[in-house]
Structure formats: C-alpha cells, structure tokens
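Novice: Below are the structure tokens for one structure; questions will follow.
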Amino acid sequence: MSGGGRLSDDEFERLMAEMKAPTPAAAPKAPERADHRPQTAFETLPRFTELRTQRAAAELLGLESPYHRVHEMRAGAVSRIDGREVVNFASYDYLGLNGDPRITRAVAEAAAQWGTSVSSSRLSAGERPAHGALEAGLAAIYGAEAALAFVSGHATALAVIPTLMGPNDLVVTDALMHNCVLLGAQYSPATRRTFPHNDLDALEAMLARDRDRFGRVLIVSEGLFSMDGDGPDLKRLVALKGRFGCWLMIDDAHGLGVLGGTGRGIAEHAGVDPRAVDIWFGTLSKTLVSCGGYIAGSTAIIDYLKAFAPGMVYSVGMPVPVAEAARVALELMIAEPERVKRLAANGARLRAQLVAGGFDVGAAWGFGIVPVIVGETIKTVQLAQKLLERGINVFPVLPPGVPDRSARLRFFLSAAHSDAHLDQALEALTQEAAALGLPRPRSG
C-alpha cells in the first residue's frame with residue numbers, strides 16, 4: 001500500500017480484479033445436475049457485483065461518488081450543489097440559452113395551447129405544426145431537403161442505423177464514437193467495424209480492401225468528439241465516401257452551436273458544403289437546450305425513416321413545448337452569433353492557459369470541450385472532489401468511458417462563463433493538482 005494508507009492506481013486495479021475474479025475451484029468433482037431454480041433476486045444480475053465492488057473500493061479510498069449529484073438550481077455557467085453555488089463546467093449549455101426568457105415564454109405558451117404531451121405516435125395522431133417548424137429549421141442549417149425530430153437523442157441512432165442497414169451491408173465507425181452509434185451498429189444486422197480515432201489512412205485501407213464485399217456501406221464519425229474535444233478531417237471523409245461509394249453520417253450533437261463562425265457545425269468549420277454529407281445526426285439537448293434527436297438529409301431518407309424507423313413509428317411524438325424550446329433556441333443561435341464567438345473565445349483561452357500550465361489537453365481543438373487528461377483513475381476522482389470543494393464543478397470521465405490510463409476531467413465551456421470563472425477554475429486546478437503530486441506532461 002502506498003504512503004498515507006492510500007492505494008495506488010496499480011493497487012486499486014489489482015484489488016478490483018481480485019474482487020471480481022471467481023473463487024478458484026478446490027478439486028475437480030463429478031458433474032452435478034444443473035440447478036434450474038429460478039433466480040429472482042436482482043443482485044444476481046451479472047454486473048451487480050461490479051457495481052458493489054466499485055462502491056466498496058470508493059468507500060475504502062474515502063472517495064465520494066461523482067455520479068447523480070443533485071443540482072438545486074437551473075444549471076448553466078453556475079449551479080448549486082449541497083446548498084453551495086459552484087462554477088459549473090459539467091453542462092451542455094454551450095451558448096448560455098437555458099432559461100432564456102424568450103425560450104421559456106415560448107414553452108409556456110406552447111404548454112398552455114397544446115398541453116404537455118401529444119399523447120400518441122406521430123404516425124397515428126401525434127403530428128403537430130411545431131414538429132414541422134422545428135424540422136424546417138434544422139434542415140435549413142444543413143442545406144438539407146428535410147429533417148426529422150425524434151423524442152430521444154440516444155434512441156435516434158438506435159432507430160436509424162438498424163432501419164437503414166441490412167445483413168449484406170457494413171457499418172464503419174470511428175473508434176471513439178458515442179455509445180448510441182455503437183449500439184445502433186450493434187443492433188443492426190450489418191457487419192460492424194471500427195477504424196482508429198481520426199485515422200483516415202486506416203479507413204481508406206479498410207475500404208480499399210473490403211468495400212466490394214458489401215452492398216451498402218455507412219461511415220460514421222462525429223463533428224466534435226465529446227470526450228476529446230477534437231473532430232475529423234471532414235473534407236477527406238467526404239472524398240473517401242465519394243470514391244468508394246458509401247454513405248457518410250456525421251454526429252453533430254456537440255458541433256451544432258459550437259463549431260463554425262455562426263455555429264452551423266463541423267461543415268461550416270471545415271468549409272465543406274453540408275449537402276456533401278448524406279446523413280446529419282444530432283441531439284437537441286446541447287446548444288438547443290431541449291431534449292430529443294434529429295436526422296437531416298434527403299427527402300427520400302426522411303420519408304423512409306418516417307415509415308419504418310421504430311423510434312418514430314412506435315414512440316410517442318415529441319411534446320410541443322419541447323419542440324418549441326429547440327426551435328426558438330435555433331433561431332436565437334442564428335440571430336445572435338456573438339454567443340458562438342464568445343464560446344470560441346472561452347474555449348481558446350482555457351485551452352491555451354492549460355497548455356501553458358503544463359496540463360495535457362490531448363488533441364482538443366479548444367471549442368466547447370477541453371479535457372484535462374490525468375491518466376490515473378483514483379487521482380482523477382480525487383482531483384474532481386477537491387475542485388468541487390473549491391467551488392468548481394467539473395466531471396471526471398473514467399474507463400471504460402475512455403481508454404484505460406486516460407481518465408480525465410472534462411470541461412464543458414459556455415458562452416455564459418466569464419473570464420473570472422475561467423481564472424478561478426485554473427487557479428484551483430493548478431493548486432489541487434500540485435497537492436496531489438500529479439505529473440503534468442505538456443501536450444505538444
């Protein structure tokens with residue numbers, strides 16, 4: 001055990017492995033009749049032991065759980081946790097629009113007129129004018145013929161990819177894709193493959209070798225990766241999909257409102273005609289301060305998804321107040337581009353200060369998301385806990401959410417963060433990291 005009675009990261013990993021490992025059998029016995037008694041206790045679920053082990057290890061180390069903390073006010077650039085106001089770097093409110101009176105007024109008016117539910121699937125009796133208005137706005141952002149809004153962002157990918165891809169097809173995803181895309185590919189009958197993060201040479205080699213073995217091929221990447229704060233070479237992705245005859249799907253959930261001079265996402269940032277991307281996928285819970293997901297593309301794909309995507313056909317439609325919140329937020333994003341510029345300035349400032357201070361920010365571009373890669377799981381949680389005590393709320397991201405030995409603090413920036421907020425966070429981070437003896441290699 002390391003000094004001070006604390007476990008080192010290696011000791012912690014060994015403890016976890018030992019606690020998870022099955023008890024070794026004493027000596028071979030004659031086969032016994034299988035026990036077919038029903039298991040009715042939820043504690044017998046395969047991962048319950050893992051959950052119990054994690055909690056026991058955290059208690060042993062004196063660590064508080066960072067999960068499911070209760071926020072006691074509308075969380076924006078600041079929040080309140082355990083009765084104390086904190087500077088908040090753990091929310092998606094990129095443009096500071098959550099709670100904007102123009103949005104809340106539109107939501108209240110929509111609720112008064114339309115109620116809080118459409119009470120049916122859109123296919124049967126849940127279609128409302130607000131759905132079409134939101135979808136027209138989303139389509140315009142991407143220069144698309146049409147768009148379709150789903151009631152859940154995560155469920156959008158789970159519904160869309162299996163609907164489009166069949167048993168003779170191939171889905172190729174960046175290795176760091178969001179869980180919803182990976183599950184969507186897994187639930188489809190198509191063959192699934194990944195290429196190393198942003199390694200388009202590897203993607204090209206894969207397509208050159210295997211493209212002709214499949215019918216349809218779908219390439220999926222993100223506009224802005226939520227764990228690393230970087231993005232793809234969109235121009236080259238478009239060139240590859242054209243050369244090999246593939247569909248290209250971009251998850252722009254974190255790119256919308258963040259990338260590009262007016263917040264129109266990775267296409268604007270990269271100087272690419274958005275119509276060169278076949279399928280735009282995103283969520284309404286980030287910049288658009290609402291809830292749900294969307295697809296934008298050709299009329300043909302939208303008509304197809306309306307008819308066959310289970311997340312559309314069998315799900316209740318989006319409540320009108322939810323659709324109105326996203327629609328008005330989208331209009332404000334376009335009308336007030338200074339919010340996008342302020343967010344970009346905040347991200348660039350924080351990234352530059354972190355790098356100058358010796359912190360590892362990986363390949364982050366400095367738009368909206370800036371990670372501080374610590375590496376060790378225990379020290380990452382300890383650092384987050386110390387920062388919260390100092391009034392800075394930043395969430396620790398741990399394996400398996402990120403690769404082993406790459407645990408990190410993930411800073412979500414907002415246009416509403418002030419210079420004072422950033423300075424306060426940097427000062428606390430610098431002091432608490434040094435107190436924990438963290439190595440701080442420069443990111444180059």
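Within each chain, counting starts at residue 1; across the structure tokens, chains are named A, B, ... in the order shown, with ligands numbered 1 upward in that order.
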Per DSSP on the backbone, what are the helix (DSSP H, G or I) residues of region 174-254 of chain A, as number ranges by chain?

Specialist: A: 179-187, 200-213, 234-244

Novice: Any chance you can output those residues with N, CA and C atoms as a short mmCIF file (atom, residue, chain, number, x, y, z; two decimals), in the first residue's frame?

Specialist:
data_model
loop_
_atom_site.label_atom_id
_atom_site.label_comp_id
_atom_site.auth_asym_id
_atom_site.auth_seq_id
_atom_site.Cartn_x
_atom_site.Cartn_y
_atom_site.Cartn_z
N ASN A 179 -21.73 6.09 -27.58
CA ASN A 179 -22.40 4.81 -27.30
C ASN A 179 -23.63 4.58 -28.17
N CYS A 180 -24.42 5.61 -28.44
CA CYS A 180 -25.67 5.41 -29.19
C CYS A 180 -25.39 4.91 -30.60
N VAL A 181 -24.32 5.41 -31.22
CA VAL A 181 -23.97 4.96 -32.58
C VAL A 181 -23.43 3.54 -32.54
N LEU A 182 -22.59 3.24 -31.56
CA LEU A 182 -22.05 1.89 -31.44
C LEU A 182 -23.17 0.88 -31.21
N LEU A 183 -24.13 1.22 -30.36
CA LEU A 183 -25.25 0.30 -30.13
C LEU A 183 -26.14 0.21 -31.36
N GLY A 184 -26.33 1.34 -32.05
CA GLY A 184 -27.12 1.29 -33.29
C GLY A 184 -26.51 0.35 -34.30
N ALA A 185 -25.18 0.41 -34.44
CA ALA A 185 -24.50 -0.52 -35.35
C ALA A 185 -24.62 -1.95 -34.85
N GLN A 186 -24.50 -2.15 -33.54
CA GLN A 186 -24.59 -3.49 -32.97
C GLN A 186 -25.97 -4.10 -33.16
N TYR A 187 -27.01 -3.29 -33.04
CA TYR A 187 -28.38 -3.79 -33.16
C TYR A 187 -28.78 -4.02 -34.61
N LEU A 200 -7.76 8.37 -40.92
CA LEU A 200 -8.42 8.17 -42.20
C LEU A 200 -7.57 7.37 -43.17
N ASP A 201 -6.26 7.24 -42.91
CA ASP A 201 -5.45 6.31 -43.70
C ASP A 201 -5.92 4.88 -43.46
N ALA A 202 -6.18 4.55 -42.20
CA ALA A 202 -6.67 3.22 -41.87
C ALA A 202 -8.05 2.98 -42.46
N LEU A 203 -8.90 3.99 -42.42
CA LEU A 203 -10.23 3.87 -43.03
C LEU A 203 -10.11 3.63 -44.53
N GLU A 204 -9.25 4.39 -45.18
CA GLU A 204 -9.07 4.22 -46.63
C GLU A 204 -8.57 2.81 -46.97
N ALA A 205 -7.62 2.32 -46.19
CA ALA A 205 -7.10 0.97 -46.44
C ALA A 205 -8.19 -0.07 -46.24
N MET A 206 -9.03 0.11 -45.23
CA MET A 206 -10.11 -0.82 -44.97
C MET A 206 -11.11 -0.83 -46.13
N LEU A 207 -11.46 0.36 -46.61
CA LEU A 207 -12.42 0.44 -47.71
C LEU A 207 -11.82 -0.13 -49.00
N ALA A 208 -10.55 0.15 -49.25
CA ALA A 208 -9.91 -0.37 -50.46
C ALA A 208 -9.88 -1.89 -50.46
N ARG A 209 -9.71 -2.46 -49.26
CA ARG A 209 -9.61 -3.91 -49.14
C ARG A 209 -10.96 -4.61 -49.21
N ASP A 210 -11.98 -4.01 -48.56
CA ASP A 210 -13.20 -4.76 -48.30
C ASP A 210 -14.48 -4.16 -48.87
N ARG A 211 -14.43 -2.95 -49.43
CA ARG A 211 -15.68 -2.31 -49.86
C ARG A 211 -16.49 -3.18 -50.79
N ASP A 212 -15.87 -3.86 -51.72
CA ASP A 212 -16.61 -4.61 -52.73
C ASP A 212 -17.29 -5.86 -52.19
N ARG A 213 -17.02 -6.22 -50.95
CA ARG A 213 -17.65 -7.39 -50.35
C ARG A 213 -19.05 -7.10 -49.84
N LEU A 234 -13.15 16.51 -42.23
CA LEU A 234 -14.41 16.28 -42.94
C LEU A 234 -14.22 16.27 -44.45
N LYS A 235 -13.34 17.13 -44.96
CA LYS A 235 -13.12 17.15 -46.41
C LYS A 235 -12.65 15.78 -46.90
N ARG A 236 -11.75 15.17 -46.18
CA ARG A 236 -11.25 13.88 -46.62
C ARG A 236 -12.31 12.78 -46.45
N LEU A 237 -13.10 12.86 -45.38
CA LEU A 237 -14.18 11.89 -45.22
C LEU A 237 -15.15 11.96 -46.40
N VAL A 238 -15.48 13.17 -46.81
CA VAL A 238 -16.37 13.33 -47.97
C VAL A 238 -15.73 12.75 -49.22
N ALA A 239 -14.44 12.98 -49.40
CA ALA A 239 -13.75 12.44 -50.57
C ALA A 239 -13.74 10.92 -50.54
N LEU A 240 -13.50 10.32 -49.38
CA LEU A 240 -13.46 8.87 -49.27
C LEU A 240 -14.82 8.25 -49.53
N LYS A 241 -15.85 8.85 -48.98
CA LYS A 241 -17.19 8.26 -49.19
C LYS A 241 -17.59 8.35 -50.66
N GLY A 242 -17.17 9.43 -51.34
CA GLY A 242 -17.46 9.54 -52.77
C GLY A 242 -16.66 8.54 -53.59
N ARG A 243 -15.38 8.39 -53.26
CA ARG A 243 -14.51 7.48 -54.03
C ARG A 243 -14.96 6.04 -53.92
N PHE A 244 -15.40 5.64 -52.73
CA PHE A 244 -15.74 4.23 -52.52
C PHE A 244 -17.25 3.96 -52.55
#

Novice: Could you name the residues that touch Val372 (chain A) at 6 Å or less, counting only C-alpha atoms, but leaving out those on the same chain fewer than 3 positions away, as a list of chain:residue names?

Specialist: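 Once the adjacent positions are removed, what remains is A:Asp360, A:Val361, A:Arg408, A:Leu409.
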
Novice: Selection from above, N, CA and C atoms, as a PDB file, in the first residue's frame, can you write it?

Specialist:
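The new file part-v3.pdb reads:
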ATOM      1  N   ASP A 360      -2.147  18.278 -19.790  1.00  0.00           N
ATOM      2  CA  ASP A 360      -2.326  17.529 -21.030  1.00  0.00           C
ATOM      3  C   ASP A 360      -3.774  17.659 -21.486  1.00  0.00           C
ATOM      4  N   VAL A 361      -3.985  18.354 -22.594  1.00  0.00           N
ATOM      5  CA  VAL A 361      -5.333  18.509 -23.141  1.00  0.00           C
ATOM      6  C   VAL A 361      -5.543  17.621 -24.364  1.00  0.00           C
ATOM      7  N   ARG A 408      -9.875  11.420 -17.133  1.00  0.00           N
ATOM      8  CA  ARG A 408      -9.728  12.856 -17.355  1.00  0.00           C
ATOM      9  C   ARG A 408     -10.826  13.658 -16.674  1.00  0.00           C
ATOM     10  N   LEU A 409     -10.577  14.929 -16.520  1.00  0.00           N
ATOM     11  CA  LEU A 409     -11.615  15.887 -16.194  1.00  0.00           C
ATOM     12  C   LEU A 409     -12.065  16.521 -17.508  1.00  0.00           C
TER      13      LEU A 409
END

Novice: Mind giving me the straight-line distance from CA of Ser124 (chain A) to CA of Ala159 (chain A) in Å, one decimal?

Specialist: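 Computing the Euclidean distance for CA of Ser124 (chain A) and CA of Ala159 (chain A) yields 18.1 Å.
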
Novice: Compare A:Phe367, A:Phe411, A:Trp114, A:Phe89 by their minimum atom-to-atom distance to Asn346 (chain A), counting only C-alpha atoms, and give me the closest one.

Specialist: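 Once distances to Asn346 (chain A) are computed over only C-alpha atoms, the minimum belongs to A:Phe367.
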
Novice: Give me the residues within 9 Å of Leu422 (chain A) as a list in words, counting only C-alpha atoms and dropping any in the same chain fewer than 3 places off.

Specialist: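 Once the nearby chain positions are removed, what remains is Val87, Asn346, Arg349, Leu350, His417, Ser418, Asp419, Ala425, Leu426 and Glu427 of chain A.
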
Novice: How about saving the chosen residues, N, CA and C atoms kept, as a tab-separated table (two decimals), in the first residue's frame?

Specialist:
chain	number	residue	atom	x	y	z
A	87	VAL	N	-19.05	27.17	-9.76
A	87	VAL	CA	-18.86	27.41	-11.18
A	87	VAL	C	-19.01	26.07	-11.88
A	346	ASN	N	-13.81	31.66	-25.10
A	346	ASN	CA	-13.64	30.98	-23.81
A	346	ASN	C	-12.86	29.68	-23.96
A	349	ARG	N	-9.18	30.38	-24.79
A	349	ARG	CA	-8.48	30.92	-23.62
A	349	ARG	C	-8.16	29.82	-22.61
A	350	LEU	N	-9.15	29.00	-22.31
A	350	LEU	CA	-8.91	27.94	-21.33
A	350	LEU	C	-7.88	26.94	-21.84
A	417	HIS	N	-19.86	31.67	-19.40
A	417	HIS	CA	-18.72	31.71	-18.48
A	417	HIS	C	-17.97	33.03	-18.64
A	418	SER	N	-17.61	33.62	-17.53
A	418	SER	CA	-16.84	34.87	-17.54
A	418	SER	C	-15.35	34.56	-17.44
A	419	ASP	N	-14.53	35.56	-17.70
A	419	ASP	CA	-13.09	35.39	-17.50
A	419	ASP	C	-12.78	35.03	-16.05
A	425	ALA	N	-11.22	28.64	-12.00
A	425	ALA	CA	-11.05	27.20	-12.26
A	425	ALA	C	-9.57	26.86	-12.45
A	426	LEU	N	-8.86	27.68	-13.21
A	426	LEU	CA	-7.45	27.39	-13.48
A	426	LEU	C	-6.62	27.46	-12.20
A	427	GLU	N	-6.89	28.44	-11.37
A	427	GLU	CA	-6.14	28.57	-10.12
A	427	GLU	C	-6.37	27.36	-9.22

Novice: Listing only residues of region 341-434 of chain A within 8 Å of region 48-65 of chain A, what is the closest atom pair and its distance in Å (to one decimal) for each, using only C-alpha atoms, sorted by chain and residue number ascending, as JSON lines?

Specialist:
{"residue": "A:Val381", "atom": "CA", "partner": "A:Leu63", "partner_atom": "CA", "distance": 7.4}
{"residue": "A:Gln382", "atom": "CA", "partner": "A:Leu63", "partner_atom": "CA", "distance": 6.9}
{"residue": "A:Gln385", "atom": "CA", "partner": "A:Glu64", "partner_atom": "CA", "distance": 7.4}

Novice: Emit the selected residues as an mmCIF file, in the first residue's frame, including C-alpha atoms.

Specialist:
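Contents of the output file again12.cif:
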data_model
loop_
_atom_site.group_PDB
_atom_site.id
_atom_site.type_symbol
_atom_site.label_atom_id
_atom_site.label_comp_id
_atom_site.auth_asym_id
_atom_site.auth_seq_id
_atom_site.Cartn_x
_atom_site.Cartn_y
_atom_site.Cartn_z
ATOM 1 C CA VAL A 381 -11.694 11.314 -8.942
ATOM 2 C CA GLN A 382 -9.709 12.855 -6.086
ATOM 3 C CA GLN A 385 -13.604 16.053 -5.498
#

Novice: Excluding Ser226 (chain A) and any residue of its chain fewer than 6 positions from it, enumerate the residues within 12 Å of it, using only C-alpha atoms, and give them as JSON, numbers by chain.

Specialist: {"A": [90, 92, 176, 177, 178, 179, 251, 252, 253, 254, 255, 258, 286, 364, 365, 366, 367, 368, 369, 370, 371, 397, 401, 402, 410, 411, 412]}

Novice: Please produce a file of those selected residues containing N, CA and C atoms, as a compact mmCIF listing (two decimals), in the first residue's frame.

Specialist:
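The file below, part_26.txt, is the result:
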# COMPACT_ATOMS: atom_id res chain seq x y z
N ALA A 90 -19.98 21.31 -16.19
CA ALA A 90 -20.48 19.95 -16.43
C ALA A 90 -21.83 19.94 -17.14
N TYR A 92 -24.21 21.02 -20.82
CA TYR A 92 -24.12 21.18 -22.27
C TYR A 92 -24.58 22.56 -22.77
N LEU A 176 -13.91 6.08 -31.39
CA LEU A 176 -14.37 6.85 -30.23
C LEU A 176 -15.78 7.37 -30.39
N MET A 177 -16.58 6.71 -31.25
CA MET A 177 -17.96 7.12 -31.43
C MET A 177 -18.75 7.01 -30.14
N HIS A 178 -19.78 7.83 -30.04
CA HIS A 178 -20.67 7.79 -28.88
C HIS A 178 -21.39 6.45 -28.80
N ASN A 179 -21.73 6.09 -27.58
CA ASN A 179 -22.40 4.81 -27.30
C ASN A 179 -23.63 4.58 -28.17
N ASP A 251 -22.33 12.72 -36.69
CA ASP A 251 -22.99 13.06 -35.44
C ASP A 251 -22.52 14.45 -35.04
N ASP A 252 -23.37 15.44 -35.23
CA ASP A 252 -23.01 16.84 -34.97
C ASP A 252 -23.61 17.34 -33.66
N ALA A 253 -23.87 16.41 -32.74
CA ALA A 253 -24.53 16.78 -31.48
C ALA A 253 -23.78 17.87 -30.74
N HIS A 254 -22.44 17.74 -30.66
CA HIS A 254 -21.64 18.73 -29.94
C HIS A 254 -21.06 19.78 -30.88
N GLY A 255 -21.25 19.62 -32.17
CA GLY A 255 -20.74 20.60 -33.13
C GLY A 255 -21.71 21.74 -33.37
N VAL A 258 -21.40 25.25 -31.74
CA VAL A 258 -20.05 25.32 -31.20
C VAL A 258 -19.03 25.58 -32.31
N LYS A 286 -28.12 19.91 -26.30
CA LYS A 286 -26.89 20.67 -26.06
C LYS A 286 -27.16 22.15 -26.34
N ALA A 364 -7.45 18.21 -28.21
CA ALA A 364 -8.61 19.09 -28.19
C ALA A 364 -8.38 20.35 -29.02
N TRP A 365 -9.39 20.71 -29.79
CA TRP A 365 -9.33 21.92 -30.60
C TRP A 365 -9.52 23.19 -29.77
N GLY A 366 -10.21 23.07 -28.65
CA GLY A 366 -10.49 24.24 -27.82
C GLY A 366 -11.82 24.88 -28.14
N PHE A 367 -12.76 24.12 -28.69
CA PHE A 367 -14.11 24.62 -28.94
C PHE A 367 -15.10 23.85 -28.06
N GLY A 368 -15.59 24.51 -27.02
CA GLY A 368 -16.68 23.91 -26.24
C GLY A 368 -16.27 22.84 -25.25
N ILE A 369 -15.35 21.96 -25.63
CA ILE A 369 -14.94 20.84 -24.79
C ILE A 369 -13.42 20.83 -24.67
N VAL A 370 -12.93 20.88 -23.44
CA VAL A 370 -11.48 20.81 -23.21
C VAL A 370 -11.23 19.79 -22.10
N PRO A 371 -10.61 18.65 -22.42
CA PRO A 371 -10.29 17.68 -21.37
C PRO A 371 -8.96 17.99 -20.71
N VAL A 397 -14.21 11.71 -16.05
CA VAL A 397 -14.58 10.66 -17.01
C VAL A 397 -13.56 9.54 -16.89
N GLY A 401 -15.45 4.51 -20.10
CA GLY A 401 -15.93 5.62 -20.92
C GLY A 401 -14.84 6.20 -21.80
N VAL A 402 -13.61 6.08 -21.35
CA VAL A 402 -12.43 6.46 -22.14
C VAL A 402 -11.44 5.31 -22.04
N ARG A 410 -13.37 16.63 -17.67
CA ARG A 410 -13.89 17.16 -18.93
C ARG A 410 -14.59 18.50 -18.68
N PHE A 411 -14.00 19.56 -19.20
CA PHE A 411 -14.56 20.89 -19.06
C PHE A 411 -15.51 21.18 -20.23
N PHE A 412 -16.78 21.38 -19.92
CA PHE A 412 -17.72 21.90 -20.90
C PHE A 412 -17.78 23.42 -20.73
